[in-house]
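Step one of this worksheet: look at the structure below.
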Amino acid sequence: MDNNKQEMKKVLSKTDVLFLAIGAMLGWGWVVLSGNWILEAGSIGAIIAFVIGGLLVTFVGLAYAELASAMPDSGGINYHVNRAMGRKASFIASWAITLGYVSVVTFEAVALPTVVDYLIPNYQTGYLWTIAGWDVYLTWVLIGSVGAILLTILNYIGVKEAAVAQVVLTSAIVLIGLLLVFGSTINGDTSNLDPFFVDGAAGIMGVLIMIPFLFVGFDVIPQVAREANIPGRDVGKILIVSVACAVIFYLMVAFGVSMVLDDEALKSSQLATADAMAAAFGSPIFAKILIIGGICGIVTSWNAFIIGGSRVIYSMAHNGMLPNWFGQLHPKYKTPTNAIVFLGGLAVFAPLLGRPALVWIVDAGGLGIVIAYFLVAVSFIKLRKNEPEMDRPFKAGKSNAIGWLAVIMSFGFIALYMPGMPAALIWPYEWILFAGWAGIGVYFFWQMTREKYQNKEKSEKRRVG
């Protein structure tokens, strides 16, 4: 299998890798959540929250960047944590971040038909059932499921093809975002920025807890490092640049919406970013243009997490943590096709659950993501201590300060998901999902460990015999 692993194509350029990460971070949230940010914290408060959140995410990004440059391998987190803390911690980190990737992949399959609701009202027909008060219709399901099939096929036939699509669609998102800022700067009014702050630090914290979900995506870079035809040092640089670009984009959106829509308009808006675009240019056509940008964001995020998630699953199979079936490469396309089909299958199924169930999955996935970040940060510190002579083409500072800041930040975000905290998982649904995923992981780890020792015993018997 290791020989097979070496055959993964090094076809991703610097541009491919950069846009892969940026596109992953610019999903649908910037379209639907901008009004919430401003109402929660005020115009300046929202901007400050993104600056703070961006800095915090950057600490984790720097730790990731050093590890990715030192160990550029497919499914990077699996190898980084394994080398620092061993097999058990590596499995926990990999399985946790896979939950995060699965949550985004399935969420986007539901986000796509939800967006179509805004472009084509009342298109739903073919009632199927109701889940948690949400009516699920056949046409709604088909849009999400067909989208999942098309993206699965795109990733199946090659990472380069998927990366090219990522560059094109991410470019469209950025251009539409710049158009919003241009229109709001020309036609906006600074009086709309009032109130600057809402609820002080509490308001800023309310926006801050959204940051992990909005910025998850830069970590896709270490997962595809083996397929990147670029120097290790550049892998680290690109990761940090991608985070900076996402921070700037979110700041632009928060500023643009604040300049155009006053407090009353924000409270009555369902899609504040789209309404701001329409107000900035005085035409509802521009709202639809922005929604198209949102659709591009859905696809880029979806595409990136199929790529990243499939590589983590693939590496876990190669390290004997998941069944060998997940570790198969296509003989022609050199993609981890079974892992891709697995993720695609989940996305095809997801719209059948309706929108409410997918919110539960996303919240549970957010906890998985920050747990993985925490273990990466700890791995950074341990490897600095245990392997000081390791070749690190990209080095995140001379001291371990970055690592400790990343540990504190990620642990702080983990705490926010605990009972009694602002982002606490909903009992029982979200905790059951998280516990169920953990239970499946425990079974796989136990089963694969047992097989490993059984094979070792057989080898010993053959050797002795």
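Each chain in the structure tokens gets a letter, A, B, ..., in the order shown, and its residues are numbered from 1; ligands are numbered from 1 in order too.
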May I have all residues of range 294-391 of chain A that DSSP, computed from the backbone, assigns to helix (DSSP H, G or I), given as an mmCIF file with N, CA, C and O atoms, in the first residue's frame?
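Output file selection.cif is given in full below:
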data_model
loop_
_atom_site.group_PDB
_atom_site.id
_atom_site.type_symbol
_atom_site.label_atom_id
_atom_site.label_comp_id
_atom_site.auth_asym_id
_atom_site.auth_seq_id
_atom_site.Cartn_x
_atom_site.Cartn_y
_atom_site.Cartn_z
ATOM 1 N N GLY A 294 -22.703 33.610 -3.297
ATOM 2 C CA GLY A 294 -22.911 32.681 -2.191
ATOM 3 C C GLY A 294 -22.948 31.242 -2.652
ATOM 4 O O GLY A 294 -22.415 30.344 -1.981
ATOM 5 N N ILE A 295 -23.575 30.990 -3.803
ATOM 6 C CA ILE A 295 -23.596 29.636 -4.358
ATOM 7 C C ILE A 295 -22.174 29.179 -4.685
ATOM 8 O O ILE A 295 -21.792 28.029 -4.427
ATOM 9 N N CYS A 296 -21.383 30.089 -5.243
ATOM 10 C CA CYS A 296 -19.970 29.774 -5.505
ATOM 11 C C CYS A 296 -19.267 29.395 -4.205
ATOM 12 O O CYS A 296 -18.454 28.463 -4.166
ATOM 13 N N GLY A 297 -19.593 30.123 -3.116
ATOM 14 C CA GLY A 297 -18.997 29.828 -1.828
ATOM 15 C C GLY A 297 -19.390 28.458 -1.305
ATOM 16 O O GLY A 297 -18.567 27.747 -0.718
ATOM 17 N N ILE A 298 -20.642 28.091 -1.508
ATOM 18 C CA ILE A 298 -21.091 26.751 -1.108
ATOM 19 C C ILE A 298 -20.260 25.687 -1.819
ATOM 20 O O ILE A 298 -19.766 24.736 -1.207
ATOM 21 N N VAL A 299 -20.096 25.859 -3.124
ATOM 22 C CA VAL A 299 -19.387 24.857 -3.923
ATOM 23 C C VAL A 299 -17.901 24.805 -3.550
ATOM 24 O O VAL A 299 -17.324 23.718 -3.422
ATOM 25 N N THR A 300 -17.249 25.977 -3.344
ATOM 26 C CA THR A 300 -15.822 25.966 -3.025
ATOM 27 C C THR A 300 -15.562 25.336 -1.660
ATOM 28 O O THR A 300 -14.599 24.581 -1.478
ATOM 29 N N SER A 301 -16.421 25.645 -0.686
ATOM 30 C CA SER A 301 -16.266 25.047 0.634
ATOM 31 C C SER A 301 -16.502 23.539 0.573
ATOM 32 O O SER A 301 -15.720 22.739 1.104
ATOM 33 N N TRP A 302 -17.553 23.169 -0.083
ATOM 34 C CA TRP A 302 -17.932 21.758 -0.265
ATOM 35 C C TRP A 302 -16.799 20.996 -0.943
ATOM 36 O O TRP A 302 -16.372 19.932 -0.480
ATOM 37 N N ASN A 303 -16.306 21.540 -2.036
ATOM 38 C CA ASN A 303 -15.241 20.918 -2.817
ATOM 39 C C ASN A 303 -13.974 20.734 -1.973
ATOM 40 O O ASN A 303 -13.360 19.656 -1.960
ATOM 41 N N ALA A 304 -13.587 21.782 -1.230
ATOM 42 C CA ALA A 304 -12.361 21.732 -0.431
ATOM 43 C C ALA A 304 -12.434 20.672 0.655
ATOM 44 O O ALA A 304 -11.446 19.973 0.927
ATOM 45 N N PHE A 305 -13.602 20.515 1.256
ATOM 46 C CA PHE A 305 -13.699 19.563 2.358
ATOM 47 C C PHE A 305 -13.856 18.121 1.875
ATOM 48 O O PHE A 305 -13.538 17.191 2.617
ATOM 49 N N ILE A 306 -14.337 17.936 0.673
ATOM 50 C CA ILE A 306 -14.263 16.600 0.078
ATOM 51 C C ILE A 306 -12.800 16.239 -0.149
ATOM 52 O O ILE A 306 -12.352 15.130 0.164
ATOM 53 N N ILE A 307 -12.035 17.201 -0.672
ATOM 54 C CA ILE A 307 -10.605 16.967 -0.911
ATOM 55 C C ILE A 307 -9.886 16.692 0.406
ATOM 56 O O ILE A 307 -9.207 15.673 0.568
ATOM 57 N N GLY A 308 -10.017 17.594 1.377
ATOM 58 C CA GLY A 308 -9.311 17.447 2.644
ATOM 59 C C GLY A 308 -9.772 16.236 3.436
ATOM 60 O O GLY A 308 -8.952 15.473 3.959
ATOM 61 N N GLY A 309 -11.088 16.046 3.530
ATOM 62 C CA GLY A 309 -11.623 14.931 4.297
ATOM 63 C C GLY A 309 -11.228 13.585 3.732
ATOM 64 O O GLY A 309 -10.882 12.655 4.468
ATOM 65 N N SER A 310 -11.256 13.467 2.412
ATOM 66 C CA SER A 310 -10.894 12.189 1.785
ATOM 67 C C SER A 310 -9.425 11.856 2.024
ATOM 68 O O SER A 310 -9.055 10.685 2.193
ATOM 69 N N ARG A 311 -8.561 12.878 2.087
ATOM 70 C CA ARG A 311 -7.130 12.636 2.329
ATOM 71 C C ARG A 311 -6.876 12.214 3.769
ATOM 72 O O ARG A 311 -5.996 11.383 4.022
ATOM 73 N N VAL A 312 -7.623 12.765 4.721
ATOM 74 C CA VAL A 312 -7.459 12.330 6.111
ATOM 75 C C VAL A 312 -7.912 10.876 6.256
ATOM 76 O O VAL A 312 -7.223 10.055 6.881
ATOM 77 N N ILE A 313 -9.066 10.556 5.694
ATOM 78 C CA ILE A 313 -9.583 9.191 5.761
ATOM 79 C C ILE A 313 -8.595 8.222 5.100
ATOM 80 O O ILE A 313 -8.307 7.139 5.623
ATOM 81 N N TYR A 314 -8.069 8.612 3.942
ATOM 82 C CA TYR A 314 -7.090 7.812 3.205
ATOM 83 C C TYR A 314 -5.844 7.548 4.049
ATOM 84 O O TYR A 314 -5.357 6.414 4.133
ATOM 85 N N SER A 315 -5.328 8.585 4.720
ATOM 86 C CA SER A 315 -4.116 8.412 5.524
ATOM 87 C C SER A 315 -4.390 7.540 6.745
ATOM 88 O O SER A 315 -3.527 6.757 7.167
ATOM 89 N N MET A 316 -5.591 7.657 7.327
ATOM 90 C CA MET A 316 -5.936 6.801 8.458
ATOM 91 C C MET A 316 -5.957 5.335 8.040
ATOM 92 O O MET A 316 -5.485 4.454 8.779
ATOM 93 N N ALA A 317 -6.465 5.064 6.848
ATOM 94 C CA ALA A 317 -6.474 3.682 6.349
ATOM 95 C C ALA A 317 -5.054 3.177 6.138
ATOM 96 O O ALA A 317 -4.734 2.018 6.457
ATOM 97 N N HIS A 318 -4.177 4.030 5.623
ATOM 98 C CA HIS A 318 -2.795 3.620 5.386
ATOM 99 C C HIS A 318 -2.019 3.410 6.680
ATOM 100 O O HIS A 318 -1.042 2.665 6.692
ATOM 101 N N ASN A 324 -8.877 -1.141 5.070
ATOM 102 C CA ASN A 324 -8.091 -0.904 3.856
ATOM 103 C C ASN A 324 -8.916 -0.335 2.706
ATOM 104 O O ASN A 324 -8.387 0.355 1.830
ATOM 105 N N TRP A 325 -10.215 -0.607 2.707
ATOM 106 C CA TRP A 325 -11.093 -0.132 1.636
ATOM 107 C C TRP A 325 -10.992 1.370 1.469
ATOM 108 O O TRP A 325 -11.040 1.891 0.357
ATOM 109 N N PHE A 326 -10.832 2.099 2.579
ATOM 110 C CA PHE A 326 -10.757 3.560 2.523
ATOM 111 C C PHE A 326 -9.428 4.058 1.956
ATOM 112 O O PHE A 326 -9.303 5.230 1.637
ATOM 113 N N GLY A 327 -8.445 3.192 1.842
ATOM 114 C CA GLY A 327 -7.124 3.611 1.410
ATOM 115 C C GLY A 327 -6.785 3.271 -0.027
ATOM 116 O O GLY A 327 -5.608 3.267 -0.397
ATOM 117 N N THR A 337 -10.362 7.256 -4.223
ATOM 118 C CA THR A 337 -11.739 7.212 -4.724
ATOM 119 C C THR A 337 -12.746 6.674 -3.718
ATOM 120 O O THR A 337 -13.868 7.191 -3.629
ATOM 121 N N ASN A 338 -12.383 5.652 -2.951
ATOM 122 C CA ASN A 338 -13.346 5.101 -2.003
ATOM 123 C C ASN A 338 -13.664 6.094 -0.891
ATOM 124 O O ASN A 338 -14.811 6.201 -0.449
ATOM 125 N N ALA A 339 -12.652 6.817 -0.439
ATOM 126 C CA ALA A 339 -12.880 7.843 0.583
ATOM 127 C C ALA A 339 -13.757 8.963 0.021
ATOM 128 O O ALA A 339 -14.638 9.493 0.713
ATOM 129 N N ILE A 340 -13.520 9.322 -1.238
ATOM 130 C CA ILE A 340 -14.327 10.364 -1.888
ATOM 131 C C ILE A 340 -15.774 9.901 -2.036
ATOM 132 O O ILE A 340 -16.714 10.657 -1.757
ATOM 133 N N VAL A 341 -15.969 8.659 -2.464
ATOM 134 C CA VAL A 341 -17.319 8.112 -2.631
ATOM 135 C C VAL A 341 -18.041 8.060 -1.283
ATOM 136 O O VAL A 341 -19.244 8.342 -1.186
ATOM 137 N N PHE A 342 -17.313 7.718 -0.222
ATOM 138 C CA PHE A 342 -17.899 7.677 1.120
ATOM 139 C C PHE A 342 -18.437 9.053 1.516
ATOM 140 O O PHE A 342 -19.588 9.188 1.951
ATOM 141 N N LEU A 343 -17.623 10.095 1.349
ATOM 142 C CA LEU A 343 -18.058 11.453 1.691
ATOM 143 C C LEU A 343 -19.190 11.911 0.775
ATOM 144 O O LEU A 343 -20.145 12.550 1.219
ATOM 145 N N GLY A 344 -19.058 11.591 -0.516
ATOM 146 C CA GLY A 344 -20.113 11.946 -1.463
ATOM 147 C C GLY A 344 -21.427 11.285 -1.126
ATOM 148 O O GLY A 344 -22.502 11.900 -1.231
ATOM 149 N N GLY A 345 -21.364 10.039 -0.679
ATOM 150 C CA GLY A 345 -22.585 9.312 -0.303
ATOM 151 C C GLY A 345 -23.285 9.968 0.879
ATOM 152 O O GLY A 345 -24.514 10.088 0.900
ATOM 153 N N LEU A 346 -22.508 10.415 1.857
ATOM 154 C CA LEU A 346 -23.094 11.121 3.000
ATOM 155 C C LEU A 346 -23.785 12.409 2.552
ATOM 156 O O LEU A 346 -24.864 12.756 3.044
ATOM 157 N N ALA A 347 -23.146 13.114 1.607
ATOM 158 C CA ALA A 347 -23.724 14.365 1.108
ATOM 159 C C ALA A 347 -24.997 14.115 0.304
ATOM 160 O O ALA A 347 -25.946 14.906 0.365
ATOM 161 N N VAL A 348 -25.030 13.041 -0.461
ATOM 162 C CA VAL A 348 -26.234 12.688 -1.229
ATOM 163 C C VAL A 348 -27.395 12.404 -0.280
ATOM 164 O O VAL A 348 -28.546 12.790 -0.524
ATOM 165 N N PHE A 349 -27.097 11.751 0.830
ATOM 166 C CA PHE A 349 -28.122 11.365 1.803
ATOM 167 C C PHE A 349 -28.591 12.551 2.657
ATOM 168 O O PHE A 349 -29.743 12.615 3.079
ATOM 169 N N ALA A 350 -27.684 13.520 2.900
ATOM 170 C CA ALA A 350 -27.930 14.597 3.864
ATOM 171 C C ALA A 350 -29.227 15.385 3.638
ATOM 172 O O ALA A 350 -29.955 15.664 4.605
ATOM 173 N N PRO A 351 -29.571 15.785 2.398
ATOM 174 C CA PRO A 351 -30.789 16.592 2.224
ATOM 175 C C PRO A 351 -32.065 15.886 2.676
ATOM 176 O O PRO A 351 -33.070 16.553 2.963
ATOM 177 N N LEU A 352 -32.050 14.574 2.760
ATOM 178 C CA LEU A 352 -33.231 13.841 3.215
ATOM 179 C C LEU A 352 -33.570 14.156 4.669
ATOM 180 O O LEU A 352 -34.704 13.969 5.103
ATOM 181 N N LEU A 353 -32.586 14.657 5.419
ATOM 182 C CA LEU A 353 -32.794 14.951 6.836
ATOM 183 C C LEU A 353 -33.387 16.332 7.074
ATOM 184 O O LEU A 353 -33.771 16.654 8.201
ATOM 185 N N GLY A 354 -33.437 17.175 6.028
ATOM 186 C CA GLY A 354 -33.952 18.523 6.199
ATOM 187 C C GLY A 354 -32.935 19.435 6.860
ATOM 188 O O GLY A 354 -31.876 19.007 7.317
ATOM 189 N N ARG A 355 -33.257 20.717 6.930
ATOM 190 C CA ARG A 355 -32.301 21.707 7.433
ATOM 191 C C ARG A 355 -32.002 21.589 8.935
ATOM 192 O O ARG A 355 -30.847 21.684 9.344
ATOM 193 N N PRO A 356 -33.000 21.374 9.832
ATOM 194 C CA PRO A 356 -32.701 21.383 11.275
ATOM 195 C C PRO A 356 -31.667 20.346 11.698
ATOM 196 O O PRO A 356 -30.777 20.633 12.494
ATOM 197 N N ALA A 357 -31.775 19.123 11.159
ATOM 198 C CA ALA A 357 -30.841 18.065 11.558
ATOM 199 C C ALA A 357 -29.414 18.408 11.171
ATOM 200 O O ALA A 357 -28.461 18.048 11.865
ATOM 201 N N LEU A 358 -29.266 19.124 10.066
ATOM 202 C CA LEU A 358 -27.923 19.461 9.594
ATOM 203 C C LEU A 358 -27.277 20.523 10.470
ATOM 204 O O LEU A 358 -26.058 20.561 10.612
ATOM 205 N N VAL A 359 -28.072 21.382 11.084
ATOM 206 C CA VAL A 359 -27.522 22.360 12.027
ATOM 207 C C VAL A 359 -26.909 21.617 13.211
ATOM 208 O O VAL A 359 -25.839 21.976 13.713
ATOM 209 N N TRP A 360 -27.552 20.549 13.651
ATOM 210 C CA TRP A 360 -27.008 19.751 14.750
ATOM 211 C C TRP A 360 -25.659 19.149 14.358
ATOM 212 O O TRP A 360 -24.717 19.157 15.145
ATOM 213 N N ILE A 361 -25.567 18.664 13.120
ATOM 214 C CA ILE A 361 -24.320 18.057 12.658
ATOM 215 C C ILE A 361 -23.200 19.088 12.612
ATOM 216 O O ILE A 361 -22.062 18.821 13.012
ATOM 217 N N VAL A 362 -23.517 20.288 12.118
ATOM 218 C CA VAL A 362 -22.505 21.344 12.018
ATOM 219 C C VAL A 362 -21.978 21.724 13.399
ATOM 220 O O VAL A 362 -20.764 21.886 13.599
ATOM 221 N N ASP A 363 -22.865 21.855 14.379
ATOM 222 C CA ASP A 363 -22.435 22.222 15.726
ATOM 223 C C ASP A 363 -21.534 21.139 16.321
ATOM 224 O O ASP A 363 -20.495 21.445 16.928
ATOM 225 N N ALA A 364 -21.928 19.889 16.163
ATOM 226 C CA ALA A 364 -21.105 18.785 16.664
ATOM 227 C C ALA A 364 -19.762 18.757 15.935
ATOM 228 O O ALA A 364 -18.714 18.506 16.540
ATOM 229 N N GLY A 365 -19.789 19.055 14.632
ATOM 230 C CA GLY A 365 -18.557 19.093 13.850
ATOM 231 C C GLY A 365 -17.627 20.203 14.293
ATOM 232 O O GLY A 365 -16.399 20.051 14.262
ATOM 233 N N GLY A 366 -18.184 21.333 14.746
ATOM 234 C CA GLY A 366 -17.367 22.436 15.231
ATOM 235 C C GLY A 366 -16.530 22.023 16.430
ATOM 236 O O GLY A 366 -15.349 22.391 16.541
ATOM 237 N N LEU A 367 -17.117 21.238 17.330
ATOM 238 C CA LEU A 367 -16.365 20.744 18.486
ATOM 239 C C LEU A 367 -15.238 19.818 18.032
ATOM 240 O O LEU A 367 -14.120 19.881 18.549
ATOM 241 N N GLY A 368 -15.523 18.972 17.042
ATOM 242 C CA GLY A 368 -14.484 18.086 16.508
ATOM 243 C C GLY A 368 -13.313 18.875 15.945
ATOM 244 O O GLY A 368 -12.136 18.518 16.160
ATOM 245 N N ILE A 369 -13.610 19.960 15.255
ATOM 246 C CA ILE A 369 -12.563 20.782 14.637
ATOM 247 C C ILE A 369 -11.641 21.387 15.690
ATOM 248 O O ILE A 369 -10.415 21.314 15.573
ATOM 249 N N VAL A 370 -12.207 21.976 16.749
ATOM 250 C CA VAL A 370 -11.355 22.640 17.736
ATOM 251 C C VAL A 370 -10.580 21.632 18.591
ATOM 252 O O VAL A 370 -9.481 21.935 19.067
ATOM 253 N N ILE A 371 -11.130 20.426 18.771
ATOM 254 C CA ILE A 371 -10.361 19.367 19.444
ATOM 255 C C ILE A 371 -9.134 19.013 18.613
ATOM 256 O O ILE A 371 -8.022 18.863 19.146
ATOM 257 N N ALA A 372 -9.316 18.904 17.303
ATOM 258 C CA ALA A 372 -8.194 18.609 16.409
ATOM 259 C C ALA A 372 -7.160 19.726 16.446
ATOM 260 O O ALA A 372 -5.944 19.474 16.491
ATOM 261 N N TYR A 373 -7.615 20.977 16.445
ATOM 262 C CA TYR A 373 -6.697 22.114 16.536
ATOM 263 C C TYR A 373 -5.862 22.037 17.822
ATOM 264 O O TYR A 373 -4.663 22.307 17.823
ATOM 265 N N PHE A 374 -6.512 21.697 18.912
ATOM 266 C CA PHE A 374 -5.823 21.595 20.203
ATOM 267 C C PHE A 374 -4.704 20.554 20.131
ATOM 268 O O PHE A 374 -3.574 20.806 20.584
ATOM 269 N N LEU A 375 -4.985 19.401 19.563
ATOM 270 C CA LEU A 375 -3.983 18.335 19.487
ATOM 271 C C LEU A 375 -2.848 18.692 18.524
ATOM 272 O O LEU A 375 -1.696 18.307 18.746
ATOM 273 N N VAL A 376 -3.149 19.446 17.468
ATOM 274 C CA VAL A 376 -2.095 19.921 16.565
ATOM 275 C C VAL A 376 -1.173 20.885 17.313
ATOM 276 O O VAL A 376 0.060 20.808 17.184
ATOM 277 N N ALA A 377 -1.767 21.789 18.096
ATOM 278 C CA ALA A 377 -0.960 22.760 18.846
ATOM 279 C C ALA A 377 -0.064 22.061 19.866
ATOM 280 O O ALA A 377 1.111 22.418 20.033
ATOM 281 N N VAL A 378 -0.608 21.053 20.558
ATOM 282 C CA VAL A 378 0.194 20.291 21.516
ATOM 283 C C VAL A 378 1.318 19.546 20.790
ATOM 284 O O VAL A 378 2.452 19.483 21.282
ATOM 285 N N SER A 379 1.015 19.008 19.604
ATOM 286 C CA SER A 379 2.032 18.297 18.812
ATOM 287 C C SER A 379 3.165 19.235 18.416
ATOM 288 O O SER A 379 4.344 18.848 18.418
ATOM 289 N N PHE A 380 2.816 20.457 18.070
ATOM 290 C CA PHE A 380 3.810 21.469 17.717
ATOM 291 C C PHE A 380 4.808 21.648 18.862
ATOM 292 O O PHE A 380 6.035 21.643 18.665
ATOM 293 N N ILE A 381 4.286 21.790 20.089
ATOM 294 C CA ILE A 381 5.147 22.009 21.264
ATOM 295 C C ILE A 381 5.994 20.774 21.557
ATOM 296 O O ILE A 381 7.204 20.873 21.822
ATOM 297 N N LYS A 382 5.384 19.593 21.496
ATOM 298 C CA LYS A 382 6.114 18.362 21.817
ATOM 299 C C LYS A 382 7.231 18.094 20.806
ATOM 300 O O LYS A 382 8.329 17.666 21.179
ATOM 301 N N LEU A 383 6.966 18.321 19.532
ATOM 302 C CA LEU A 383 7.995 18.089 18.523
ATOM 303 C C LEU A 383 9.117 19.108 18.622
ATOM 304 O O LEU A 383 10.284 18.792 18.339
ATOM 305 N N ARG A 384 8.774 20.341 18.999
ATOM 306 C CA ARG A 384 9.820 21.340 19.238
ATOM 307 C C ARG A 384 10.765 20.852 20.357
ATOM 308 O O ARG A 384 11.980 21.061 20.292
ATOM 309 N N LYS A 385 10.196 20.197 21.375
ATOM 310 C CA LYS A 385 10.982 19.727 22.507
ATOM 311 C C LYS A 385 11.725 18.427 22.184
ATOM 312 O O LYS A 385 12.928 18.307 22.474
ATOM 313 N N ASN A 386 11.008 17.462 21.590
ATOM 314 C CA ASN A 386 11.577 16.122 21.389
ATOM 315 C C ASN A 386 12.439 16.006 20.146
ATOM 316 O O ASN A 386 13.344 15.161 20.095
#
Practice task
Just the residues within 10 Å of Trp404 in chain A, please, counting only C-alpha atoms, with nothing from its chain fewer than 2 positions along; format it as a list in words.
Solution key: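 Once the nearby chain positions are removed, what remains is Phe59, Val60, Ala63, Ala377, Val378, Phe380, Ile381, Ser399, Asn400, Ala401, Ile402, Ala406, Val407, Ile408, Met409 and Ser410 of chain A.
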Take the residues that were just selected and, keeping all heavy atoms, output them as a compact mmCIF listing (two decimals), in the first residue's frame.
# COMPACT_ATOMS: atom_id res chain seq x y z
N PHE A 59 -2.65 31.80 15.07
CA PHE A 59 -1.73 31.06 15.94
C PHE A 59 -1.78 29.57 15.62
O PHE A 59 -0.74 28.91 15.50
CB PHE A 59 -2.09 31.28 17.42
CG PHE A 59 -1.92 32.70 17.87
CD1 PHE A 59 -2.82 33.28 18.75
CD2 PHE A 59 -0.86 33.46 17.42
CE1 PHE A 59 -2.67 34.59 19.18
CE2 PHE A 59 -0.70 34.79 17.84
CZ PHE A 59 -1.61 35.34 18.71
N VAL A 60 -2.99 29.03 15.48
CA VAL A 60 -3.13 27.62 15.10
C VAL A 60 -2.57 27.41 13.70
O VAL A 60 -1.89 26.41 13.42
CB VAL A 60 -4.60 27.17 15.17
CG1 VAL A 60 -4.75 25.73 14.68
CG2 VAL A 60 -5.13 27.27 16.59
N ALA A 63 1.18 27.08 13.74
CA ALA A 63 1.60 25.75 14.21
C ALA A 63 1.41 24.72 13.10
O ALA A 63 2.29 23.88 12.84
CB ALA A 63 0.78 25.37 15.45
N ALA A 377 -1.77 21.79 18.10
CA ALA A 377 -0.96 22.76 18.85
C ALA A 377 -0.06 22.06 19.87
O ALA A 377 1.11 22.42 20.03
CB ALA A 377 -1.87 23.77 19.54
N VAL A 378 -0.61 21.05 20.56
CA VAL A 378 0.19 20.29 21.52
C VAL A 378 1.32 19.55 20.79
O VAL A 378 2.45 19.48 21.28
CB VAL A 378 -0.69 19.31 22.31
CG1 VAL A 378 0.16 18.38 23.17
CG2 VAL A 378 -1.69 20.06 23.17
N PHE A 380 2.82 20.46 18.07
CA PHE A 380 3.81 21.47 17.72
C PHE A 380 4.81 21.65 18.86
O PHE A 380 6.04 21.64 18.66
CB PHE A 380 3.09 22.78 17.41
CG PHE A 380 3.98 23.98 17.23
CD1 PHE A 380 4.47 24.32 15.99
CD2 PHE A 380 4.34 24.78 18.32
CE1 PHE A 380 5.28 25.44 15.81
CE2 PHE A 380 5.15 25.90 18.16
CZ PHE A 380 5.62 26.22 16.91
N ILE A 381 4.29 21.79 20.09
CA ILE A 381 5.15 22.01 21.26
C ILE A 381 5.99 20.77 21.56
O ILE A 381 7.20 20.87 21.82
CB ILE A 381 4.29 22.38 22.49
CG1 ILE A 381 3.61 23.74 22.25
CG2 ILE A 381 5.13 22.42 23.76
CD1 ILE A 381 2.57 24.08 23.28
N SER A 399 10.85 30.71 19.61
CA SER A 399 10.36 30.12 20.86
C SER A 399 9.09 29.31 20.62
O SER A 399 8.60 29.23 19.50
CB SER A 399 10.08 31.24 21.87
OG SER A 399 8.92 31.97 21.49
N ASN A 400 8.56 28.77 21.72
CA ASN A 400 7.31 28.00 21.63
C ASN A 400 6.08 28.86 21.90
O ASN A 400 4.99 28.32 22.11
CB ASN A 400 7.33 26.84 22.64
CG ASN A 400 8.26 25.73 22.22
OD1 ASN A 400 8.65 25.65 21.05
ND2 ASN A 400 8.63 24.86 23.15
N ALA A 401 6.25 30.17 21.88
CA ALA A 401 5.14 31.07 22.22
C ALA A 401 3.93 30.84 21.32
O ALA A 401 2.78 30.80 21.79
CB ALA A 401 5.60 32.53 22.14
N ILE A 402 4.17 30.69 20.02
CA ILE A 402 3.06 30.47 19.08
C ILE A 402 2.30 29.21 19.45
O ILE A 402 1.06 29.19 19.45
CB ILE A 402 3.60 30.37 17.62
CG1 ILE A 402 4.16 31.71 17.15
CG2 ILE A 402 2.50 29.87 16.68
CD1 ILE A 402 3.14 32.81 17.03
N ALA A 406 -1.57 28.94 20.62
CA ALA A 406 -2.50 28.08 19.88
C ALA A 406 -3.20 27.10 20.81
O ALA A 406 -4.40 26.84 20.67
CB ALA A 406 -1.75 27.32 18.79
N VAL A 407 -2.47 26.56 21.80
CA VAL A 407 -3.07 25.65 22.77
C VAL A 407 -4.15 26.37 23.59
O VAL A 407 -5.26 25.87 23.76
CB VAL A 407 -1.98 25.09 23.73
CG1 VAL A 407 -2.63 24.41 24.94
CG2 VAL A 407 -1.11 24.09 22.99
N ILE A 408 -3.81 27.56 24.07
CA ILE A 408 -4.76 28.33 24.88
C ILE A 408 -6.00 28.70 24.07
O ILE A 408 -7.14 28.57 24.54
CB ILE A 408 -4.08 29.60 25.43
CG1 ILE A 408 -2.99 29.22 26.44
CG2 ILE A 408 -5.10 30.53 26.09
CD1 ILE A 408 -2.05 30.36 26.80
N MET A 409 -5.78 29.14 22.83
CA MET A 409 -6.90 29.54 21.97
C MET A 409 -7.82 28.35 21.69
O MET A 409 -9.04 28.44 21.85
CB MET A 409 -6.38 30.10 20.65
CG MET A 409 -7.47 30.60 19.70
SD MET A 409 -8.30 29.32 18.74
CE MET A 409 -7.22 29.20 17.34
N SER A 410 -7.23 27.23 21.28
CA SER A 410 -8.06 26.08 20.91
C SER A 410 -8.77 25.50 22.13
O SER A 410 -9.93 25.09 22.05
CB SER A 410 -7.22 25.01 20.21
OG SER A 410 -6.05 24.71 20.94
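With only C-alpha atoms as the atoms that count, the residue of A:Leu12, A:Ser43, A:Gly403, A:Leu20 with the shortest distance to Gly203 in chain A is A:Ser43.
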Residues of range 210-298 of chain A within 12 Å of range 112-125 of chain A: nearest atom pair and distance (Å, one decimal) for each, counting only C-alpha atoms, sorted by chain and number, as CSV?
residue,atom,partner,partner_atom,distance
A:Gln270,CA,A:Tyr118,CA,9.9
A:Leu271,CA,A:Tyr118,CA,9.1
A:Ala274,CA,A:Tyr118,CA,10.3
A:Asp275,CA,A:Tyr118,CA,11.8
A:Pro284,CA,A:Leu119,CA,11.3
A:Ile285,CA,A:Leu119,CA,10.7
A:Ala287,CA,A:Leu119,CA,9.7
A:Lys288,CA,A:Leu119,CA,7.0
A:Ile289,CA,A:Leu119,CA,10.1
A:Leu290,CA,A:Leu119,CA,10.9
A:Ile291,CA,A:Val115,CA,7.5
A:Ile292,CA,A:Val115,CA,8.9
A:Gly293,CA,A:Val115,CA,10.8
A:Gly294,CA,A:Val115,CA,8.1
A:Ile295,CA,A:Leu112,CA,6.8
A:Cys296,CA,A:Leu112,CA,9.8
A:Gly297,CA,A:Leu112,CA,10.0
A:Ile298,CA,A:Leu112,CA,6.8
